[in-house]
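Okay, target_14.pdb now, which holds PDB, C-alpha atoms:
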ATOM      1  CA  PRO E 135     -10.910 -27.650 -23.865  1.00  0.00           C
ATOM      2  CA  THR E 136     -11.244 -31.382 -23.295  1.00  0.00           C
ATOM      3  CA  ASP E 137      -8.954 -34.343 -22.862  1.00  0.00           C
ATOM      4  CA  LEU E 138      -8.839 -37.295 -25.268  1.00  0.00           C
ATOM      5  CA  GLN E 139     -11.922 -38.832 -23.619  1.00  0.00           C
ATOM      6  CA  GLY E 140     -13.939 -35.615 -24.036  1.00  0.00           C
ATOM      7  CA  ASN E 141     -13.879 -34.680 -20.339  1.00  0.00           C
ATOM      8  CA  PRO E 142     -13.361 -30.995 -19.483  1.00  0.00           C
ATOM      9  CA  CYS E 143      -9.763 -30.279 -18.487  1.00  0.00           C
ATOM     10  CA  TRP E 144     -10.546 -27.326 -16.233  1.00  0.00           C
ATOM     11  CA  PRO E 145     -13.812 -26.237 -14.682  1.00  0.00           C
ATOM     12  CA  LYS E 146     -15.316 -23.943 -17.331  1.00  0.00           C
ATOM     13  CA  GLU E 147     -15.382 -20.929 -15.008  1.00  0.00           C
ATOM     14  CA  LEU E 148     -11.580 -21.110 -14.644  1.00  0.00           C
ATOM     15  CA  VAL E 149     -10.710 -21.062 -18.326  1.00  0.00           C
ATOM     16  CA  ALA E 150      -9.771 -17.674 -19.791  1.00  0.00           C
ATOM     17  CA  GLU E 151     -10.549 -17.211 -23.463  1.00  0.00           C
ATOM     18  CA  THR E 152      -9.807 -14.269 -25.687  1.00  0.00           C
ATOM     19  CA  PRO E 153     -12.597 -12.837 -27.878  1.00  0.00           C
ATOM     20  CA  GLY E 154     -11.111 -14.944 -30.691  1.00  0.00           C
ATOM     21  CA  GLY E 155     -11.602 -18.101 -28.617  1.00  0.00           C
ATOM     22  CA  ASP E 156      -7.946 -18.776 -27.855  1.00  0.00           C
ATOM     23  CA  VAL E 157      -7.463 -20.570 -24.541  1.00  0.00           C
ATOM     24  CA  ARG E 158      -4.577 -18.994 -22.626  1.00  0.00           C
ATOM     25  CA  GLU E 159      -4.051 -21.775 -20.083  1.00  0.00           C
ATOM     26  CA  GLU E 160      -2.577 -25.214 -20.552  1.00  0.00           C
ATOM     27  CA  CYS E 161      -4.807 -28.000 -19.342  1.00  0.00           C
ATOM     28  CA  CYS E 162      -5.262 -31.736 -18.911  1.00  0.00           C
ATOM     29  CA  GLY E 163      -2.721 -34.391 -18.185  1.00  0.00           C
ATOM     30  CA  PRO E 164      -1.623 -36.176 -15.039  1.00  0.00           C
ATOM     31  CA  PRO E 165      -1.307 -34.314 -11.719  1.00  0.00           C
ATOM     32  CA  ALA E 166       1.804 -32.199 -11.378  1.00  0.00           C
ATOM     33  CA  GLN E 167       4.723 -33.171  -9.166  1.00  0.00           C
ATOM     34  CA  VAL E 168       5.939 -29.564  -9.144  1.00  0.00           C
ATOM     35  CA  LEU E 169       3.656 -26.545  -9.222  1.00  0.00           C
ATOM     36  CA  VAL E 170       5.149 -23.149 -10.003  1.00  0.00           C
ATOM     37  CA  TRP E 171       2.577 -20.805  -8.449  1.00  0.00           C
ATOM     38  CA  ALA E 172       3.900 -17.270  -8.619  1.00  0.00           C
ATOM     39  CA  PRO E 173       2.814 -13.702  -9.384  1.00  0.00           C
ATOM     40  CA  PRO E 174       3.418 -12.214 -12.839  1.00  0.00           C
ATOM     41  CA  LYS E 175       6.861 -10.927 -13.822  1.00  0.00           C
ATOM     42  CA  THR E 176       8.788 -13.010 -11.272  1.00  0.00           C
ATOM     43  CA  ALA E 177      11.023 -14.840 -13.753  1.00  0.00           C
ATOM     44  CA  THR E 178       8.883 -17.989 -13.809  1.00  0.00           C
ATOM     45  CA  LYS E 179       9.762 -18.487 -17.484  1.00  0.00           C
ATOM     46  CA  TYR E 180      13.407 -19.101 -16.564  1.00  0.00           C
ATOM     47  CA  LEU E 181      12.453 -21.225 -13.578  1.00  0.00           C
ATOM     48  CA  MET E 182      10.273 -23.400 -15.823  1.00  0.00           C
ATOM     49  CA  GLU E 183      13.152 -23.838 -18.299  1.00  0.00           C
ATOM     50  CA  MET E 184      15.383 -25.147 -15.499  1.00  0.00           C
ATOM     51  CA  LEU E 185      12.688 -27.416 -14.082  1.00  0.00           C
ATOM     52  CA  ARG E 186      11.902 -29.011 -17.448  1.00  0.00           C
ATOM     53  CA  GLU E 187      15.338 -30.618 -17.363  1.00  0.00           C
ATOM     54  CA  THR E 188      14.284 -32.611 -14.261  1.00  0.00           C
ATOM     55  CA  LYS E 189      11.748 -34.702 -16.242  1.00  0.00           C
ATOM     56  CA  LEU E 190       9.162 -34.098 -13.493  1.00  0.00           C
ATOM     57  CA  ILE E 191       5.547 -33.270 -14.329  1.00  0.00           C
ATOM     58  CA  ILE E 192       5.308 -29.494 -13.927  1.00  0.00           C
ATOM     59  CA  ALA E 193       2.372 -27.109 -13.869  1.00  0.00           C
ATOM     60  CA  GLN E 194       2.580 -23.333 -13.760  1.00  0.00           C
ATOM     61  CA  SER E 195       0.110 -20.490 -13.315  1.00  0.00           C
ATOM     62  CA  HIS E 196      -0.059 -16.935 -12.012  1.00  0.00           C
ATOM     63  CA  PHE E 197      -3.763 -17.313 -11.230  1.00  0.00           C
ATOM     64  CA  HIS E 198      -4.896 -18.568  -7.833  1.00  0.00           C
ATOM     65  CA  GLU E 199      -7.981 -20.411  -9.085  1.00  0.00           C
ATOM     66  CA  LEU E 200      -6.039 -22.460 -11.618  1.00  0.00           C
ATOM     67  CA  SER E 201      -3.108 -23.042  -9.277  1.00  0.00           C
ATOM     68  CA  TYR E 202      -5.384 -24.169  -6.459  1.00  0.00           C
ATOM     69  CA  PHE E 203      -7.152 -26.551  -8.851  1.00  0.00           C
ATOM     70  CA  GLU E 204      -3.734 -28.052  -9.745  1.00  0.00           C
ATOM     71  CA  PHE E 205      -2.719 -28.052  -6.059  1.00  0.00           C
ATOM     72  CA  THR E 206      -5.755 -30.137  -5.093  1.00  0.00           C
ATOM     73  CA  ARG E 207      -4.848 -32.718  -7.773  1.00  0.00           C
ATOM     74  CA  MET E 208      -1.261 -33.154  -6.534  1.00  0.00           C
ATOM     75  CA  LYS E 209      -0.174 -36.198  -4.542  1.00  0.00           C
ATOM     76  CA  PRO E 210       2.806 -36.305  -2.121  1.00  0.00           C
ATOM     77  CA  PRO E 211       5.696 -36.105  -2.570  1.00  0.00           C
ATOM     78  CA  CYS E 212       5.176 -32.867  -4.454  1.00  0.00           C
ATOM     79  CA  TYR E 213       6.579 -29.372  -4.458  1.00  0.00           C
ATOM     80  CA  ILE E 214       5.143 -25.884  -4.799  1.00  0.00           C
ATOM     81  CA  ILE E 215       7.510 -23.142  -5.855  1.00  0.00           C
ATOM     82  CA  THR E 216       6.658 -19.475  -5.658  1.00  0.00           C
ATOM     83  CA  SER E 217       8.814 -16.460  -6.218  1.00  0.00           C
ATOM     84  CA  ALA E 218       8.698 -12.778  -5.429  1.00  0.00           C
ATOM     85  CA  ARG E 219      10.211 -10.042  -7.449  1.00  0.00           C
ATOM     86  CA  ASN E 220      12.640  -7.509  -6.149  1.00  0.00           C
ATOM     87  CA  ALA E 221      10.633  -4.282  -6.045  1.00  0.00           C
ATOM     88  CA  PHE E 222      13.539  -2.246  -7.393  1.00  0.00           C
ATOM     89  CA  THR E 223      15.127  -4.509  -9.984  1.00  0.00           C
ATOM     90  CA  ARG E 224      12.286  -6.690 -11.303  1.00  0.00           C
ATOM     91  CA  SER E 225       9.305  -4.329 -11.064  1.00  0.00           C
ATOM     92  CA  PRO E 226      10.655  -1.987 -13.769  1.00  0.00           C
ATOM     93  CA  SER E 227      10.250  -4.907 -16.189  1.00  0.00           C
ATOM     94  CA  GLN E 228       6.514  -5.035 -15.456  1.00  0.00           C
ATOM     95  CA  TYR E 229       6.185  -1.257 -15.449  1.00  0.00           C
ATOM     96  CA  PHE E 230       7.771  -0.878 -18.880  1.00  0.00           C
ATOM     97  CA  TYR E 231       5.854  -3.883 -20.203  1.00  0.00           C
ATOM     98  CA  PHE E 232       2.594  -2.115 -19.381  1.00  0.00           C
ATOM     99  CA  ALA E 233       3.734   1.509 -19.920  1.00  0.00           C
ATOM    100  CA  VAL E 234       2.638   1.485 -23.544  1.00  0.00           C
ATOM    101  CA  GLN E 235       0.380  -1.525 -23.850  1.00  0.00           C
ATOM    102  CA  ASN E 236      -1.302  -1.030 -27.205  1.00  0.00           C
ATOM    103  CA  ASP E 237      -1.892  -4.708 -27.945  1.00  0.00           C
ATOM    104  CA  PHE E 238      -5.689  -4.630 -28.057  1.00  0.00           C
ATOM    105  CA  ASN E 239      -6.068  -8.427 -27.902  1.00  0.00           C
ATOM    106  CA  HIS E 240      -3.804  -8.703 -24.852  1.00  0.00           C
ATOM    107  CA  LEU E 241      -5.581  -5.862 -23.030  1.00  0.00           C
ATOM    108  CA  THR E 242      -8.962  -7.399 -23.852  1.00  0.00           C
ATOM    109  CA  HIS E 243      -7.763 -10.744 -22.485  1.00  0.00           C
ATOM    110  CA  LEU E 244      -6.512  -9.086 -19.271  1.00  0.00           C
ATOM    111  CA  LYS E 245      -9.752  -7.128 -18.801  1.00  0.00           C
ATOM    112  CA  HIS E 246     -11.800 -10.279 -19.412  1.00  0.00           C
ATOM    113  CA  ARG E 247      -9.673 -12.357 -17.029  1.00  0.00           C
ATOM    114  CA  HIS E 248      -9.061  -9.803 -14.277  1.00  0.00           C
ATOM    115  CA  GLY E 249     -11.358  -6.826 -14.768  1.00  0.00           C
ATOM    116  CA  THR E 250     -10.397  -3.226 -15.423  1.00  0.00           C
ATOM    117  CA  LYS E 251      -9.378  -2.554 -11.798  1.00  0.00           C
ATOM    118  CA  MET E 252      -6.701  -5.237 -12.008  1.00  0.00           C
ATOM    119  CA  LEU E 253      -4.897  -3.480 -14.851  1.00  0.00           C
ATOM    120  CA  GLY E 254      -3.967  -0.608 -12.526  1.00  0.00           C
ATOM    121  CA  ARG E 255      -2.741  -3.100  -9.948  1.00  0.00           C
ATOM    122  CA  LEU E 256      -0.476  -4.587 -12.622  1.00  0.00           C
ATOM    123  CA  MET E 257       1.069  -1.120 -13.239  1.00  0.00           C
ATOM    124  CA  TYR E 258      -1.014  -0.339 -16.340  1.00  0.00           C
ATOM    125  CA  SER E 259      -2.086   3.285 -16.047  1.00  0.00           C
ATOM    126  CA  GLY E 260      -3.171   3.859 -19.625  1.00  0.00           C
ATOM    127  CA  ARG E 261      -1.278   7.166 -19.359  1.00  0.00           C
ATOM    128  CA  TRP E 262       0.598   6.749 -22.639  1.00  0.00           C
ATOM    129  CA  LYS E 263      -1.330   5.669 -25.710  1.00  0.00           C
ATOM    130  CA  THR E 264       1.657   5.497 -28.024  1.00  0.00           C
ATOM    131  CA  GLU E 265       5.339   4.720 -27.735  1.00  0.00           C
ATOM    132  CA  LYS E 266       6.124   8.229 -29.023  1.00  0.00           C
ATOM    133  CA  GLN E 267       4.153   9.831 -26.165  1.00  0.00           C
ATOM    134  CA  PHE E 268       6.079   7.698 -23.706  1.00  0.00           C
ATOM    135  CA  LEU E 269       9.475   8.508 -25.252  1.00  0.00           C
ATOM    136  CA  ASP E 270       8.659  12.231 -25.317  1.00  0.00           C
ATOM    137  CA  THR E 271       7.881  12.270 -21.586  1.00  0.00           C
ATOM    138  CA  PRO E 272      10.611  13.713 -19.319  1.00  0.00           C
ATOM    139  CA  ARG E 273      12.540  11.039 -17.412  1.00  0.00           C
ATOM    140  CA  THR E 274      11.676  12.660 -14.079  1.00  0.00           C
ATOM    141  CA  ALA E 275       7.973  12.209 -14.843  1.00  0.00           C
ATOM    142  CA  ILE E 276       8.514   8.551 -15.745  1.00  0.00           C
ATOM    143  CA  ARG E 277      10.529   7.957 -12.537  1.00  0.00           C
ATOM    144  CA  ALA E 278       7.794   9.587 -10.450  1.00  0.00           C
ATOM    145  CA  ASP E 279       5.114   7.537 -12.214  1.00  0.00           C
ATOM    146  CA  PHE E 280       7.103   4.326 -11.686  1.00  0.00           C
ATOM    147  CA  LYS E 281       7.569   5.096  -7.982  1.00  0.00           C
ATOM    148  CA  THR E 282       3.831   5.643  -7.537  1.00  0.00           C
ATOM    149  CA  ALA E 283       2.894   2.531  -9.544  1.00  0.00           C
ATOM    150  CA  ASN E 284       5.516   0.358  -7.815  1.00  0.00           C
ATOM    151  CA  LEU E 285       4.405   1.371  -4.331  1.00  0.00           C
ATOM    152  CA  ALA E 286       0.733   0.854  -5.178  1.00  0.00           C
ATOM    153  CA  SER E 287       1.423  -2.549  -6.764  1.00  0.00           C
ATOM    154  CA  SER E 288       3.556  -3.713  -3.816  1.00  0.00           C
ATOM    155  CA  GLN E 289       1.094  -2.589  -1.161  1.00  0.00           C
ATOM    156  CA  ASP E 290      -1.983  -3.770  -3.027  1.00  0.00           C
ATOM    157  CA  PHE E 291      -1.463  -6.461  -5.644  1.00  0.00           C
ATOM    158  CA  MET E 292       1.637  -8.217  -4.271  1.00  0.00           C
ATOM    159  CA  SER E 293       0.428  -8.145  -0.658  1.00  0.00           C
ATOM    160  CA  ASP E 294      -2.977  -9.477  -1.696  1.00  0.00           C
ATOM    161  CA  TRP E 295      -1.411 -12.099  -3.984  1.00  0.00           C
ATOM    162  CA  PHE E 296       0.785 -13.576  -1.236  1.00  0.00           C
ATOM    163  CA  SER E 297      -2.032 -13.402   1.338  1.00  0.00           C
ATOM    164  CA  LYS E 298      -4.184 -15.563  -0.959  1.00  0.00           C
ATOM    165  CA  PHE E 299      -1.259 -17.875  -1.697  1.00  0.00           C
ATOM    166  CA  SER E 300      -0.652 -18.357   2.051  1.00  0.00           C
ATOM    167  CA  SER E 301      -4.315 -19.012   2.709  1.00  0.00           C
ATOM    168  CA  PHE E 302      -4.608 -21.589  -0.107  1.00  0.00           C
ATOM    169  CA  THR E 303      -1.415 -23.486   0.704  1.00  0.00           C
ATOM    170  CA  GLY E 304      -1.168 -23.050   4.481  1.00  0.00           C
ATOM    171  CA  ALA E 305       2.399 -21.768   4.050  1.00  0.00           C
ATOM    172  CA  ASP E 306       2.797 -18.420   5.816  1.00  0.00           C
ATOM    173  CA  VAL E 307       5.226 -16.679   3.489  1.00  0.00           C
ATOM    174  CA  PHE E 308       4.990 -13.403   5.413  1.00  0.00           C
ATOM    175  CA  ASP E 309       6.117 -15.084   8.638  1.00  0.00           C
ATOM    176  CA  ALA E 310       8.996 -16.807   6.843  1.00  0.00           C
ATOM    177  CA  ALA E 311      10.119 -13.547   5.240  1.00  0.00           C
ATOM    178  CA  TYR E 312       9.891 -11.731   8.575  1.00  0.00           C
ATOM    179  CA  ARG E 313      11.908 -14.369  10.466  1.00  0.00           C
ATOM    180  CA  LYS E 314      14.647 -14.644   7.820  1.00  0.00           C
ATOM    181  CA  ARG E 315      14.697 -11.197   6.246  1.00  0.00           C
ATOM    182  CA  PHE E 316      17.892 -11.576   4.240  1.00  0.00           C
ATOM    183  CA  ALA E 317      17.497 -15.177   3.092  1.00  0.00           C
ATOM    184  CA  LYS E 318      17.576 -15.736  -0.668  1.00  0.00           C
ATOM    185  CA  HIS E 319      14.986 -18.508  -0.425  1.00  0.00           C
ATOM    186  CA  TYR E 320      12.777 -20.298   2.099  1.00  0.00           C
ATOM    187  CA  ILE E 321      11.624 -23.875   2.372  1.00  0.00           C
ATOM    188  CA  ILE E 322       8.266 -24.133   4.103  1.00  0.00           C
ATOM    189  CA  ASN E 323       6.605 -27.456   4.841  1.00  0.00           C
ATOM    190  CA  ALA E 324       2.924 -26.885   4.172  1.00  0.00           C
ATOM    191  CA  SER E 325       2.000 -30.602   4.132  1.00  0.00           C
ATOM    192  CA  LYS E 326       0.670 -30.518   7.702  1.00  0.00           C
ATOM    193  CA  SER E 327      -1.899 -27.891   6.751  1.00  0.00           C
ATOM    194  CA  ARG E 328      -3.457 -29.813   3.845  1.00  0.00           C
TER     195      ARG E 328
END
Before anything else, please render the file you have as structure tokens.
Amino acid sequence: PTDLQGNPCWPKELVAETPGGDVREECCGPPAQVLVWAPPKTATKYLMEMLRETKLIIAQSHFHELSYFEFTRMKPPCYIITSARNAFTRSPSQYFYFAVQNDFNHLTHLKHRHGTKMLGRLMYSGRWKTEKQFLDTPRTAIRADFKTANLASSQDFMSDWFSKFSSFTGADVFDAAYRKRFAKHYIINASKSR
């Protein structure tokens, strides 16, 4: 993808394309004033809808490479928003999204973008090939599978995701969460670390 002058929008190695050649990331344009940099399935869609009403220039990505690229283009005053999902109320959304993922194009895109190992970290087990198999499975087996997948995702993917986020931005989200355990949100000034 290129801008109107023919210059590449993103470094080529950061652009994810499906086998059909569809680019799955937005690109080009002026630097963002607000960057929504959050893991998958954390309600960023709704956050973006609210932010669009502000008339600010907004960028959004779940991927560290693309977010960091946007981050380095930003000029103060600017804002980075991230969000975490509640492991017991939001994670089921991701689990059921991937429980029966038979969209070949989407799975191919995910494998191309993240590798096969990442699919397990995103709660895709490949256990059920069809919706009927899933629906015929006893609820106790599904609950047990969810518990295992949720714990693995939280301890592996989510922990790793926020470690990378903290290292890229200089905002120690683990320290903030530890100091204010029951806060609904945190405001961290990472400008001194840039």
### Query
At what distance in Å, to one decimal, does CA of Ser217 in chain E lie from CA of Lys281 in chain E?
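We find that CA of Lys281 in chain E and CA of Ser217 in chain E lie 21.7 Å from each other.
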### Task
Enumerate, as an MDAnalysis selection string, the residues matched when the PyMOL selection byres ((chain E and resi 261) around 12) is run on the file above.
chainID E and resid 229 232:236 254 257:260 262:265 267:268 271 275:276 279:280 283
Go ahead and write the residues just picked, C-alpha atoms, as a PDB file, in the frame of the given file.
ATOM      1  CA  TYR E 229       6.185  -1.257 -15.449  1.00  0.00           C
ATOM      2  CA  PHE E 232       2.594  -2.115 -19.381  1.00  0.00           C
ATOM      3  CA  ALA E 233       3.734   1.509 -19.920  1.00  0.00           C
ATOM      4  CA  VAL E 234       2.638   1.485 -23.544  1.00  0.00           C
ATOM      5  CA  GLN E 235       0.380  -1.525 -23.850  1.00  0.00           C
ATOM      6  CA  ASN E 236      -1.302  -1.030 -27.205  1.00  0.00           C
ATOM      7  CA  GLY E 254      -3.967  -0.608 -12.526  1.00  0.00           C
ATOM      8  CA  MET E 257       1.069  -1.120 -13.239  1.00  0.00           C
ATOM      9  CA  TYR E 258      -1.014  -0.339 -16.340  1.00  0.00           C
ATOM     10  CA  SER E 259      -2.086   3.285 -16.047  1.00  0.00           C
ATOM     11  CA  GLY E 260      -3.171   3.859 -19.625  1.00  0.00           C
ATOM     12  CA  TRP E 262       0.598   6.749 -22.639  1.00  0.00           C
ATOM     13  CA  LYS E 263      -1.330   5.669 -25.710  1.00  0.00           C
ATOM     14  CA  THR E 264       1.657   5.497 -28.024  1.00  0.00           C
ATOM     15  CA  GLU E 265       5.339   4.720 -27.735  1.00  0.00           C
ATOM     16  CA  GLN E 267       4.153   9.831 -26.165  1.00  0.00           C
ATOM     17  CA  PHE E 268       6.079   7.698 -23.706  1.00  0.00           C
ATOM     18  CA  THR E 271       7.881  12.270 -21.586  1.00  0.00           C
ATOM     19  CA  ALA E 275       7.973  12.209 -14.843  1.00  0.00           C
ATOM     20  CA  ILE E 276       8.514   8.551 -15.745  1.00  0.00           C
ATOM     21  CA  ASP E 279       5.114   7.537 -12.214  1.00  0.00           C
ATOM     22  CA  PHE E 280       7.103   4.326 -11.686  1.00  0.00           C
ATOM     23  CA  ALA E 283       2.894   2.531  -9.544  1.00  0.00           C
TER      24      ALA E 283
END
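The residue set within 12 Å of range 307-323 of chain E, counting only C-alpha atoms and dropping same-chain residues fewer than 5 places from it, reads Pro210, Pro211, Cys212, Tyr213, Ile214, Ile215, Thr216, Ser217, Ala218, Arg219, Asn220, Met292, Ser293, Asp294, Trp295, Phe296, Ser297, Lys298, Phe299, Ser300, Ser301, Phe302 and Arg328 of chain E.
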### Task
Provide the CA of Leu169 in chain E to CA of His198 in chain E distance in Å, to one decimal place.
11.8 Å
### Task
Name the closest residue to Arg207 in chain E among the candidates E:Ala286, E:Ala166, E:Leu181, E:Ala193; distances are taken between atoms, counting all atoms listed in the file.
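Answer, going by the shortest atom-to-atom distance: E:Ala166.
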### Message
Using Å and a single decimal, report how far CA of Asp306 in chain E sits from CA of Leu190 in chain E.
### Response
25.7 Å
